[in-house]
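Text of model-v2.txt, listed as compact mmCIF, C-alpha atoms and all ligand atoms:
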```txt
# COMPACT_ATOMS: atom_id res chain seq x y z
CA MET A 20 -7.63 -50.01 -195.08
CA GLU A 21 -8.52 -47.53 -192.36
CA THR A 22 -8.32 -49.05 -188.86
CA ARG A 23 -11.21 -48.00 -186.66
CA LEU A 24 -10.69 -47.23 -182.98
CA ILE A 25 -13.80 -48.52 -181.20
CA THR A 26 -14.58 -47.73 -177.54
CA ALA A 27 -15.50 -50.83 -175.54
CA THR A 28 -19.14 -49.93 -174.83
CA PRO A 29 -21.82 -52.62 -175.33
CA GLU A 30 -22.47 -51.14 -178.81
CA GLY A 31 -18.75 -51.11 -179.58
CA ILE A 32 -18.38 -54.73 -178.52
CA ALA A 33 -21.34 -55.70 -180.76
CA GLU A 34 -19.70 -53.87 -183.67
CA ALA A 35 -16.38 -55.64 -183.05
CA ALA A 36 -18.16 -59.01 -182.87
CA ALA A 37 -19.82 -58.34 -186.25
CA ILE A 38 -16.43 -57.53 -187.80
CA LEU A 39 -15.03 -60.84 -186.48
CA ARG A 40 -18.02 -62.81 -187.76
CA ALA A 41 -17.48 -61.29 -191.21
CA GLY A 42 -13.86 -62.54 -191.20
CA GLY A 43 -12.25 -59.25 -190.12
CA LEU A 44 -9.48 -58.69 -187.56
CA VAL A 45 -9.99 -56.85 -184.26
CA ALA A 46 -7.34 -56.07 -181.65
CA MET A 47 -8.94 -56.76 -178.27
CA PRO A 48 -7.86 -55.92 -174.74
CA THR A 49 -7.01 -58.81 -172.42
CA GLU A 50 -5.65 -58.58 -168.88
CA THR A 51 -2.15 -59.46 -170.16
CA VAL A 52 -1.62 -57.58 -173.46
CA TYR A 53 -3.79 -56.64 -176.45
CA GLY A 54 -4.42 -59.60 -178.77
CA LEU A 55 -5.01 -59.52 -182.53
CA ALA A 56 -8.18 -61.59 -182.82
CA GLY A 57 -9.69 -63.44 -185.75
CA ASP A 58 -12.00 -66.44 -186.28
CA ALA A 59 -9.86 -69.49 -185.42
CA ARG A 60 -11.97 -71.74 -187.69
CA ASP A 61 -11.49 -69.56 -190.76
CA GLY A 62 -8.22 -70.13 -192.64
CA ARG A 63 -8.46 -66.76 -194.40
CA SER A 64 -8.85 -64.81 -191.14
CA VAL A 65 -5.97 -66.71 -189.56
CA ALA A 66 -3.76 -66.17 -192.61
CA ARG A 67 -4.49 -62.45 -192.36
CA ILE A 68 -3.33 -62.45 -188.70
CA TYR A 69 0.05 -63.87 -189.75
CA ALA A 70 0.26 -61.36 -192.62
CA ALA A 71 -0.69 -58.32 -190.49
CA LYS A 72 1.99 -59.18 -187.91
CA ASN A 73 4.52 -60.41 -190.47
CA ARG A 74 4.70 -63.51 -188.27
CA PRO A 75 6.39 -66.72 -189.49
CA SER A 76 3.68 -69.32 -190.12
CA PHE A 77 5.54 -72.04 -188.14
CA ASN A 78 4.68 -70.10 -184.96
CA PRO A 79 1.22 -71.26 -183.78
CA LEU A 80 -1.44 -69.05 -182.19
CA ILE A 81 -3.34 -69.17 -178.89
CA VAL A 82 -7.07 -69.94 -179.13
CA HIS A 83 -9.18 -67.84 -176.73
CA LEU A 84 -12.45 -69.23 -175.38
CA PRO A 85 -15.18 -67.67 -173.20
CA ASP A 86 -15.27 -70.35 -170.47
CA VAL A 87 -13.80 -73.63 -169.28
CA GLU A 88 -16.87 -75.56 -170.46
CA SER A 89 -16.18 -74.77 -174.13
CA VAL A 90 -12.58 -76.06 -173.99
CA SER A 91 -13.49 -79.73 -174.50
CA ARG A 92 -14.87 -78.97 -177.98
CA TYR A 93 -11.32 -78.22 -179.11
CA ALA A 94 -8.92 -80.02 -176.79
CA HIS A 95 -8.55 -82.85 -174.28
CA LEU A 96 -8.30 -81.51 -170.72
CA THR A 97 -5.87 -83.80 -168.93
CA PRO A 98 -6.38 -84.29 -165.16
CA GLU A 99 -3.61 -81.80 -164.32
CA ALA A 100 -5.06 -79.33 -166.83
CA GLU A 101 -8.45 -79.63 -165.10
CA ARG A 102 -6.90 -78.68 -161.77
CA LEU A 103 -5.03 -75.75 -163.27
CA ALA A 104 -8.17 -74.59 -165.10
CA ALA A 105 -10.11 -74.61 -161.83
CA ALA A 106 -7.37 -72.59 -160.12
CA PHE A 107 -6.38 -70.09 -162.82
CA TRP A 108 -9.10 -69.73 -165.50
CA PRO A 109 -10.30 -67.22 -166.40
CA GLY A 110 -6.85 -65.68 -166.17
CA PRO A 111 -3.33 -65.23 -167.57
CA LEU A 112 -2.54 -68.93 -168.15
CA THR A 113 -2.28 -70.72 -171.52
CA MET A 114 -2.28 -74.51 -171.68
CA VAL A 115 -0.92 -76.52 -174.61
CA LEU A 116 -3.23 -79.53 -174.82
CA PRO A 117 -3.85 -82.45 -177.21
CA LEU A 118 -5.99 -81.20 -180.11
CA ARG A 119 -9.37 -82.92 -180.39
CA ASP A 120 -10.27 -84.67 -183.67
CA GLY A 121 -12.85 -82.68 -185.57
CA ALA A 122 -12.16 -79.53 -183.52
CA GLY A 123 -12.78 -77.52 -186.67
CA LEU A 124 -9.91 -75.09 -186.13
CA SER A 125 -7.89 -73.92 -189.12
CA PRO A 126 -4.65 -75.98 -189.27
CA LEU A 127 -2.85 -72.63 -189.59
CA VAL A 128 -3.75 -71.86 -185.96
CA THR A 129 -1.79 -74.84 -184.68
CA ALA A 130 0.86 -74.65 -187.42
CA GLY A 131 -0.05 -78.27 -188.18
CA LEU A 132 0.81 -79.54 -184.67
CA THR A 133 -1.30 -82.15 -182.83
CA THR A 134 -1.56 -79.81 -179.84
CA VAL A 135 -3.41 -76.53 -179.40
CA ALA A 136 -2.69 -73.63 -177.03
CA ILE A 137 -5.84 -72.53 -175.18
CA ARG A 138 -6.58 -69.61 -172.88
CA VAL A 139 -9.72 -68.37 -171.13
CA PRO A 140 -8.98 -64.67 -170.55
CA ALA A 141 -10.32 -62.76 -167.54
CA HIS A 142 -10.67 -59.26 -169.03
CA PRO A 143 -14.38 -58.36 -169.04
CA VAL A 144 -14.17 -56.85 -172.55
CA ALA A 145 -12.46 -59.95 -173.98
CA ARG A 146 -15.06 -62.18 -172.33
CA ALA A 147 -17.95 -60.05 -173.63
CA LEU A 148 -16.45 -60.07 -177.13
CA LEU A 149 -15.97 -63.87 -177.07
CA ARG A 150 -19.59 -64.32 -176.05
CA ALA A 151 -20.94 -61.81 -178.59
CA ALA A 152 -18.89 -63.19 -181.50
CA ASP A 153 -19.58 -66.79 -180.42
CA LEU A 154 -16.34 -67.88 -182.09
CA PRO A 155 -13.07 -69.39 -180.89
CA LEU A 156 -10.69 -66.44 -181.34
CA ALA A 157 -7.10 -66.95 -182.44
CA ALA A 158 -5.11 -64.07 -180.95
CA PRO A 159 -1.38 -63.50 -180.82
CA SER A 160 -0.16 -60.30 -179.19
CA ALA A 161 -1.21 -57.35 -181.40
CA ASN A 162 2.29 -56.15 -182.37
CA PRO A 163 4.43 -56.58 -185.47
CA SER A 164 6.38 -59.85 -185.03
CA GLY A 165 9.51 -59.43 -182.91
CA ARG A 166 8.60 -56.00 -181.53
CA VAL A 167 7.37 -54.79 -178.13
CA SER A 168 3.94 -56.15 -177.09
CA PRO A 169 1.02 -53.67 -176.77
CA THR A 170 -0.63 -52.89 -173.42
CA ARG A 171 -2.69 -49.91 -174.65
CA ALA A 172 -4.87 -49.28 -177.71
CA ALA A 173 -2.45 -46.56 -178.86
CA HIS A 174 0.42 -49.13 -178.90
CA VAL A 175 -1.63 -51.33 -181.25
CA MET A 176 -2.41 -48.37 -183.50
CA ALA A 177 1.30 -47.44 -183.65
CA GLY A 178 2.21 -50.93 -184.92
CA LEU A 179 -0.75 -52.21 -186.94
CA SER A 180 -2.80 -49.23 -188.12
CA GLY A 181 -3.90 -49.74 -191.73
CA ARG A 182 -3.46 -53.53 -191.51
CA ILE A 183 -6.51 -54.56 -189.42
CA GLU A 184 -10.18 -53.58 -189.34
CA ALA A 185 -10.41 -52.29 -185.76
CA VAL A 186 -8.93 -51.81 -182.31
CA LEU A 187 -11.31 -52.23 -179.40
CA ASP A 188 -10.11 -49.79 -176.74
CA GLY A 189 -10.46 -51.21 -173.23
CA GLY A 190 -7.80 -49.08 -171.54
CA ALA A 191 -4.44 -50.22 -170.18
CA CYS A 192 -3.86 -53.94 -169.51
CA ALA A 193 -3.65 -54.71 -165.78
CA VAL A 194 -1.14 -57.60 -165.78
CA GLY A 195 1.09 -56.19 -168.53
CA VAL A 196 3.08 -59.32 -169.49
CA GLU A 197 1.75 -62.19 -171.59
CA SER A 198 0.19 -65.35 -170.19
CA THR A 199 2.27 -68.14 -168.70
CA ILE A 200 2.39 -71.04 -171.20
CA LEU A 201 2.46 -74.63 -169.94
CA ALA A 202 2.72 -77.77 -172.05
CA LEU A 203 0.40 -80.40 -170.56
CA ASP A 204 0.45 -83.01 -173.34
CA GLY A 205 3.25 -84.70 -171.36
CA PRO A 206 4.88 -83.95 -167.98
CA ALA A 207 3.92 -80.37 -167.05
CA ALA A 208 6.51 -78.07 -168.57
CA LEU A 209 6.95 -74.30 -168.56
CA LEU A 210 7.22 -72.97 -172.12
CA ARG A 211 7.01 -69.25 -171.28
CA PRO A 212 6.94 -67.52 -167.88
CA GLY A 213 4.09 -65.01 -167.63
CA GLY A 214 1.21 -63.59 -165.64
CA VAL A 215 0.74 -66.60 -163.33
CA SER A 216 3.93 -67.30 -161.39
CA VAL A 217 5.73 -70.66 -161.37
CA GLU A 218 5.41 -70.70 -157.58
CA GLU A 219 1.58 -70.46 -157.78
CA ILE A 220 1.39 -73.22 -160.41
CA GLU A 221 3.69 -75.58 -158.52
CA ALA A 222 1.62 -75.01 -155.36
CA VAL A 223 -1.53 -76.21 -157.18
CA LEU A 224 0.19 -79.18 -158.87
CA GLY A 225 2.10 -80.24 -155.76
CA HIS A 226 5.28 -80.86 -157.76
CA SER A 227 7.80 -78.84 -159.74
CA LEU A 228 7.54 -77.95 -163.42
CA LEU A 229 10.03 -78.87 -166.10
CA MET A 230 11.78 -75.61 -166.97
CA PRO A 231 12.60 -74.08 -170.38
CA GLY A 232 16.10 -75.22 -171.30
CA ASP A 233 15.66 -78.56 -169.52
CA PRO A 234 16.50 -81.15 -172.23
CA THR A 235 13.11 -82.89 -171.79
CA THR A 236 11.07 -79.68 -172.02
CA PRO A 237 9.46 -79.29 -175.45
CA LYS A 238 10.36 -76.16 -177.40
CA ALA A 239 7.66 -73.56 -177.96
CA PRO A 240 8.04 -72.77 -181.66
CA GLY A 241 7.76 -69.01 -181.11
CA GLN A 242 10.29 -68.51 -178.32
CA LEU A 243 12.96 -66.75 -180.36
CA ALA A 244 16.01 -65.33 -178.62
CA SER A 245 15.38 -61.82 -179.97
CA HIS A 246 11.88 -60.50 -179.32
CA TYR A 247 10.28 -57.42 -177.77
CA ALA A 248 12.98 -55.38 -179.50
CA PRO A 249 12.88 -51.60 -179.17
CA GLU A 250 14.90 -49.45 -181.62
CA ALA A 251 17.56 -48.65 -179.02
CA ARG A 252 20.12 -51.15 -177.72
CA VAL A 253 19.32 -52.70 -174.32
CA ARG A 254 21.70 -53.47 -171.41
CA LEU A 255 20.64 -55.43 -168.31
CA ASN A 256 21.59 -55.48 -164.61
CA ALA A 257 22.68 -51.84 -164.66
CA THR A 258 23.07 -49.85 -161.45
CA ALA A 259 24.07 -46.58 -163.15
CA ALA A 260 23.66 -45.05 -166.61
CA ALA A 261 26.68 -45.02 -168.95
CA PRO A 262 27.01 -41.88 -171.11
CA GLY A 263 24.10 -41.68 -173.57
CA GLU A 264 22.03 -44.31 -171.79
CA VAL A 265 18.51 -43.97 -170.41
CA LEU A 266 18.45 -45.80 -167.07
CA VAL A 267 15.19 -47.55 -166.13
CA GLY A 268 15.09 -47.97 -162.36
CA PHE A 269 13.57 -50.56 -160.06
CA GLY A 270 13.35 -50.25 -156.28
CA ALA A 271 16.49 -48.71 -154.78
CA VAL A 272 18.12 -48.20 -158.22
CA ARG A 273 16.71 -44.83 -159.30
CA GLY A 274 16.63 -44.09 -163.03
CA GLN A 275 15.27 -41.41 -165.35
CA ILE A 276 12.11 -43.50 -165.35
CA SER A 277 11.25 -46.47 -163.20
CA LEU A 278 9.45 -49.82 -163.45
CA SER A 279 8.48 -49.45 -159.80
CA ASP A 280 9.98 -47.11 -157.19
CA GLN A 281 8.74 -49.45 -154.45
CA GLY A 282 10.32 -52.50 -156.08
CA ASP A 283 6.83 -53.98 -156.58
CA LEU A 284 6.88 -56.76 -159.23
CA ILE A 285 3.16 -56.48 -160.00
CA GLU A 286 3.52 -52.77 -160.73
CA ALA A 287 6.72 -53.40 -162.72
CA ALA A 288 5.01 -56.02 -164.94
CA ALA A 289 2.05 -53.71 -165.57
CA ASN A 290 4.45 -50.89 -166.59
CA LEU A 291 7.02 -52.97 -168.49
CA PHE A 292 6.05 -52.63 -172.16
CA HIS A 293 4.90 -49.02 -171.84
CA ILE A 294 8.16 -48.05 -170.12
CA LEU A 295 10.15 -49.92 -172.77
CA ARG A 296 8.44 -47.78 -175.44
CA GLU A 297 8.92 -44.61 -173.42
CA ALA A 298 12.62 -45.34 -172.81
CA ASP A 299 12.99 -46.07 -176.53
CA SER A 300 11.67 -42.66 -177.52
CA LEU A 301 13.82 -40.96 -174.84
CA ALA A 302 16.93 -42.79 -176.07
CA GLY A 303 16.32 -42.29 -179.79
CA PRO A 304 17.23 -44.88 -182.45
CA LEU A 305 20.98 -44.60 -181.87
CA GLY A 306 20.71 -44.52 -178.09
CA ALA A 307 20.71 -47.23 -175.46
CA ILE A 308 18.51 -48.27 -172.57
CA ALA A 309 19.90 -49.74 -169.34
CA PHE A 310 17.64 -51.69 -166.96
CA ALA A 311 18.18 -52.03 -163.21
CA PRO A 312 18.18 -55.64 -161.94
CA VAL A 313 14.81 -57.26 -161.20
CA PRO A 314 14.64 -60.29 -158.86
CA GLU A 315 14.09 -63.68 -160.53
CA SER A 316 11.00 -64.71 -158.54
CA GLY A 317 7.22 -64.40 -158.95
CA LEU A 318 6.41 -62.08 -161.86
CA GLY A 319 10.12 -61.16 -161.97
CA ARG A 320 10.74 -64.34 -163.95
CA ALA A 321 8.41 -63.14 -166.75
CA ILE A 322 9.85 -59.60 -166.62
CA ASN A 323 13.44 -60.86 -166.88
CA ASP A 324 12.50 -63.24 -169.72
CA ARG A 325 11.12 -60.30 -171.74
CA LEU A 326 14.12 -58.08 -170.89
CA ARG A 327 16.64 -60.77 -171.90
CA ARG A 328 14.89 -61.12 -175.28
CA ALA A 329 14.75 -57.32 -175.69
CA ALA A 330 18.52 -57.24 -175.06
CA ALA A 331 19.40 -60.23 -177.29
CA PRO A 332 21.32 -59.70 -180.55
CA ARG A 333 18.83 -58.87 -183.32
CA PRO A 334 18.53 -61.05 -186.44
O1 LIG B 401 -1.12 -63.23 -172.94
C1 LIG B 401 -1.04 -63.83 -174.00
O2 LIG B 401 -0.74 -65.01 -174.09
C2 LIG B 401 -1.36 -63.02 -175.29
C3 LIG B 401 -2.83 -62.64 -175.23
C4 LIG B 401 -3.28 -61.91 -176.47
O3 LIG B 401 -3.61 -63.79 -175.00
N1 LIG B 401 -1.05 -63.77 -176.46
C5 LIG B 401 0.23 -64.08 -176.83
O4 LIG B 401 0.33 -64.73 -178.04
O5 LIG B 401 1.19 -63.77 -176.18
P1 LIG B 401 1.69 -64.89 -178.86
O6 LIG B 401 1.28 -65.41 -180.20
O7 LIG B 401 2.44 -63.62 -178.87
O8 LIG B 401 2.45 -66.02 -178.13
C6 LIG B 401 1.94 -67.33 -178.19
C7 LIG B 401 3.01 -68.33 -177.91
C8 LIG B 401 4.03 -68.45 -179.01
O9 LIG B 401 5.32 -68.46 -178.42
C9 LIG B 401 3.70 -69.80 -179.64
O10 LIG B 401 4.81 -70.41 -180.21
C10 LIG B 401 3.15 -70.58 -178.46
O11 LIG B 401 2.39 -69.62 -177.78
N2 LIG B 401 2.27 -71.67 -178.88
C11 LIG B 401 1.07 -71.59 -179.50
N3 LIG B 401 0.58 -72.80 -179.79
C12 LIG B 401 1.49 -73.70 -179.35
C13 LIG B 401 1.57 -75.13 -179.36
N4 LIG B 401 0.61 -75.90 -179.89
N5 LIG B 401 2.66 -75.70 -178.82
C14 LIG B 401 3.65 -74.94 -178.27
N6 LIG B 401 3.62 -73.59 -178.23
C15 LIG B 401 2.57 -72.98 -178.77
MG MG B 402 3.82 -62.08 -178.91
```
Represent the supplied structure as structure tokens.
Amino acid sequence: METRLITATPEGIAEAAAILRAGGLVAMPTETVYGLAGDARDGRSVARIYAAKNRPSFNPLIVHLPDVESVSRYAHLTPEAERLAAAFWPGPLTMVLPLRDGAGLSPLVTAGLTTVAIRVPAHPVARALLRAADLPLAAPSANPSGRVSPTRAAHVMAGLSGRIEAVLDGGACAVGVESTILALDGPAALLRPGGVSVEEIEAVLGHSLLMPGDPTTPKAPGQLASHYAPEARVRLNATAAAPGEVLVGFGAVRGQISLSDQGDLIEAAANLFHILREADSLAGPLGAIAFAPVPESGLGRAINDRLRRAAAPRP
């Protein structure tokens, strides 16, 4: 199959919507990362998403919807979820909610669970595509399973070309790390730090979240220790390069390349996955990448989560 690169003009968006309606797969830009979208009601489309990514089928997908109003067709919005939706949707937040009976989603999307992960993205191209296709879109990040997430159309092409019908090019993703995932089918629990900070969420809820690793926090099926893996080895909390290492700087720690010279976490998140790819090609497959420390607050929590997984022993 030849993967088409479609520019996100109104005509391009209409073309992408037609591909989705015919059961095809389209990588779409969102404000976090590019997602590999398919019709969430259609088992064949969803099965093709798992196959294209080589993703284990026990790892459920996020369903993307055009607006908050359409959520209740698929899930029950709990009172806390309603408040979070009002504060953060459209935006980089995913909520795991009780699945509604008769929602009509393929059971492959939820991996057979009684909950469903839902997100209303803010990117204008994603919103236009959701409206044009008029479908709930299942979309994991558009990368081969376990590898670095894509924040540009070229990243998607490098990983999935020949396996999907099209990539809709909407430029570089502004947030650069995936959505924050909260479980809201019980006490509010953080499953994955991401584009909305824990501090912002706790301010809206008025209480603290259960954290990943807390014994009462449910496990997100897809949170594997090794993920976002480049070819090169990765070392964290480095203040200088060892021989043969490419040092990625942050703030006062100056490297060959930098996440943010100013020590700005928003800029660092936006750059993260592109810099990880760039450092990988500078280091070469036998080389190593060293990352300067990033503070564990705000978006730093999501950045450090991704870096720890990139550095984890590979399966
Ligand atoms: O920013 C994002 O969230 C991007 C864009 C494309 O929206 N998507 C994304 O999808 O990061 P993915 O598939 O790479 O990560 C989805 C995560 C997985 O860790 C999965 O296990 C978890 O969401 N998840 C999905 N449904 C779930 C459920 N019902 N319960 C618990 N975790 C769930
Ligand atoms: Mg992913």
Identify the residues within 12 Å of coordinate (-9.4, -45.3, -178.5) (same frame as the file), considering all atoms listed in the file, and give the answer as a PDB file with C-alpha atoms, in the coordinates of the input.
```
ATOM      1  CA  THR A  22      -8.320 -49.050-188.860  1.00  0.00           C
ATOM      2  CA  ARG A  23     -11.210 -48.000-186.660  1.00  0.00           C
ATOM      3  CA  LEU A  24     -10.690 -47.230-182.980  1.00  0.00           C
ATOM      4  CA  ILE A  25     -13.800 -48.520-181.200  1.00  0.00           C
ATOM      5  CA  THR A  26     -14.580 -47.730-177.540  1.00  0.00           C
ATOM      6  CA  ALA A  27     -15.500 -50.830-175.540  1.00  0.00           C
ATOM      7  CA  THR A  28     -19.140 -49.930-174.830  1.00  0.00           C
ATOM      8  CA  GLY A  31     -18.750 -51.110-179.580  1.00  0.00           C
ATOM      9  CA  ALA A  46      -7.340 -56.070-181.650  1.00  0.00           C
ATOM     10  CA  MET A  47      -8.940 -56.760-178.270  1.00  0.00           C
ATOM     11  CA  PRO A  48      -7.860 -55.920-174.740  1.00  0.00           C
ATOM     12  CA  ARG A 171      -2.690 -49.910-174.650  1.00  0.00           C
ATOM     13  CA  ALA A 172      -4.870 -49.280-177.710  1.00  0.00           C
ATOM     14  CA  ALA A 173      -2.450 -46.560-178.860  1.00  0.00           C
ATOM     15  CA  HIS A 174       0.420 -49.130-178.900  1.00  0.00           C
ATOM     16  CA  VAL A 175      -1.630 -51.330-181.250  1.00  0.00           C
ATOM     17  CA  MET A 176      -2.410 -48.370-183.500  1.00  0.00           C
ATOM     18  CA  ALA A 185     -10.410 -52.290-185.760  1.00  0.00           C
ATOM     19  CA  VAL A 186      -8.930 -51.810-182.310  1.00  0.00           C
ATOM     20  CA  LEU A 187     -11.310 -52.230-179.400  1.00  0.00           C
ATOM     21  CA  ASP A 188     -10.110 -49.790-176.740  1.00  0.00           C
ATOM     22  CA  GLY A 189     -10.460 -51.210-173.230  1.00  0.00           C
ATOM     23  CA  GLY A 190      -7.800 -49.080-171.540  1.00  0.00           C
ATOM     24  CA  ALA A 191      -4.440 -50.220-170.180  1.00  0.00           C
TER      25      ALA A 191
END
```
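Distance check against ligand MG 402 (chain B) using all atoms listed in the file: of A:Ala248, A:Ala151, A:Ala35, A:Leu96, the minimum falls on A:Ala248.
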- One-decimal distance in Å that lies between atom CA of A:Leu127 and atom CA of A:Gly62: 6.7 Å
- Query: Which residues sit within 7 Å of ligand LIG 401 (chain B), counting all atoms listed in the file, listed as number ranges by chain?
  - Reply: A: 49, 51-55, 78-81, 111, 113, 115, 129, 132, 134-136, 138, 158-160, 196-200, 202, 238-242
Answer as an mmCIF file with C-alpha atoms, in the coordinates of the input, residues within 10 Å of (14.3, -37.1, -172.0) using only C-alpha atoms:
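point29.cif written:
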```cif
data_model
loop_
_atom_site.group_PDB
_atom_site.id
_atom_site.type_symbol
_atom_site.label_atom_id
_atom_site.label_comp_id
_atom_site.auth_asym_id
_atom_site.auth_seq_id
_atom_site.Cartn_x
_atom_site.Cartn_y
_atom_site.Cartn_z
ATOM 1 C CA VAL A 265 18.510 -43.970 -170.410
ATOM 2 C CA GLN A 275 15.270 -41.410 -165.350
ATOM 3 C CA ILE A 276 12.110 -43.500 -165.350
ATOM 4 C CA GLU A 297 8.920 -44.610 -173.420
ATOM 5 C CA ALA A 298 12.620 -45.340 -172.810
ATOM 6 C CA SER A 300 11.670 -42.660 -177.520
ATOM 7 C CA LEU A 301 13.820 -40.960 -174.840
ATOM 8 C CA ALA A 302 16.930 -42.790 -176.070
ATOM 9 C CA GLY A 303 16.320 -42.290 -179.790
#
```
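In this model, the gap between atom CA of A:Asp86 and atom CA of A:Ala130 comes to 23.8 Å.
The space between atom CA of A:Ser164 and atom CA of A:Arg74 spans 5.2 Å.
Candidate residues A:Ala104, A:Ala147, A:Val87, A:Glu99 were compared for distance to A:Ile32, and the nearest is A:Ala147, using all atoms listed in the file.
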Missing atoms in stretch 20-42 of chain A: fill them in up to N, CA and C atoms and send the result as a CSV table (one decimal), in the frame of the given file.
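Saved the output as part.csv:
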```
chain,number,residue,atom,x,y,z
A,20,MET,N,-6.5,-49.8,-196.0
A,20,MET,CA,-7.6,-50.0,-195.1
A,20,MET,C,-7.5,-49.0,-193.9
A,21,GLU,N,-8.6,-48.4,-193.5
A,21,GLU,CA,-8.5,-47.5,-192.4
A,21,GLU,C,-8.9,-48.3,-191.1
A,22,THR,N,-8.1,-48.3,-190.1
A,22,THR,CA,-8.3,-49.0,-188.9
A,22,THR,C,-9.2,-48.2,-187.9
A,23,ARG,N,-10.3,-48.8,-187.5
A,23,ARG,CA,-11.2,-48.0,-186.7
A,23,ARG,C,-10.8,-48.2,-185.2
A,24,LEU,N,-10.9,-47.1,-184.4
A,24,LEU,CA,-10.7,-47.2,-183.0
A,24,LEU,C,-12.1,-47.2,-182.3
A,25,ILE,N,-12.5,-48.4,-181.7
A,25,ILE,CA,-13.8,-48.5,-181.2
A,25,ILE,C,-13.7,-48.5,-179.7
A,26,THR,N,-14.5,-47.7,-179.0
A,26,THR,CA,-14.6,-47.7,-177.5
A,26,THR,C,-15.4,-49.0,-177.1
A,27,ALA,N,-14.9,-49.6,-176.0
A,27,ALA,CA,-15.5,-50.8,-175.5
A,27,ALA,C,-16.8,-50.6,-174.8
A,28,THR,N,-17.8,-50.0,-175.4
A,28,THR,CA,-19.1,-49.9,-174.8
A,28,THR,C,-19.9,-51.2,-175.3
A,29,PRO,N,-21.1,-51.5,-174.8
A,29,PRO,CA,-21.8,-52.6,-175.3
A,29,PRO,C,-22.0,-52.5,-176.8
A,30,GLU,N,-22.3,-51.3,-177.4
A,30,GLU,CA,-22.5,-51.1,-178.8
A,30,GLU,C,-21.2,-51.4,-179.5
A,31,GLY,N,-20.1,-50.9,-179.0
A,31,GLY,CA,-18.8,-51.1,-179.6
A,31,GLY,C,-18.4,-52.6,-179.6
A,32,ILE,N,-18.7,-53.3,-178.6
A,32,ILE,CA,-18.4,-54.7,-178.5
A,32,ILE,C,-19.2,-55.5,-179.6
A,33,ALA,N,-20.5,-55.1,-179.7
A,33,ALA,CA,-21.3,-55.7,-180.8
A,33,ALA,C,-20.8,-55.4,-182.2
A,34,GLU,N,-20.3,-54.2,-182.4
A,34,GLU,CA,-19.7,-53.9,-183.7
A,34,GLU,C,-18.4,-54.7,-183.9
A,35,ALA,N,-17.6,-54.8,-182.9
A,35,ALA,CA,-16.4,-55.6,-183.0
A,35,ALA,C,-16.7,-57.1,-183.3
A,36,ALA,N,-17.8,-57.6,-182.7
A,36,ALA,CA,-18.2,-59.0,-182.9
A,36,ALA,C,-18.6,-59.2,-184.3
A,37,ALA,N,-19.3,-58.2,-184.9
A,37,ALA,CA,-19.8,-58.3,-186.2
A,37,ALA,C,-18.6,-58.3,-187.2
A,38,ILE,N,-17.6,-57.5,-186.9
A,38,ILE,CA,-16.4,-57.5,-187.8
A,38,ILE,C,-15.8,-58.9,-187.8
A,39,LEU,N,-15.6,-59.5,-186.6
A,39,LEU,CA,-15.0,-60.8,-186.5
A,39,LEU,C,-15.9,-61.9,-187.2
A,40,ARG,N,-17.2,-61.8,-187.1
A,40,ARG,CA,-18.0,-62.8,-187.8
A,40,ARG,C,-18.0,-62.7,-189.3
A,41,ALA,N,-17.6,-61.5,-189.8
A,41,ALA,CA,-17.5,-61.3,-191.2
A,41,ALA,C,-16.1,-61.6,-191.7
A,42,GLY,N,-15.2,-62.1,-190.8
A,42,GLY,CA,-13.9,-62.5,-191.2
A,42,GLY,C,-12.8,-61.5,-191.0
```
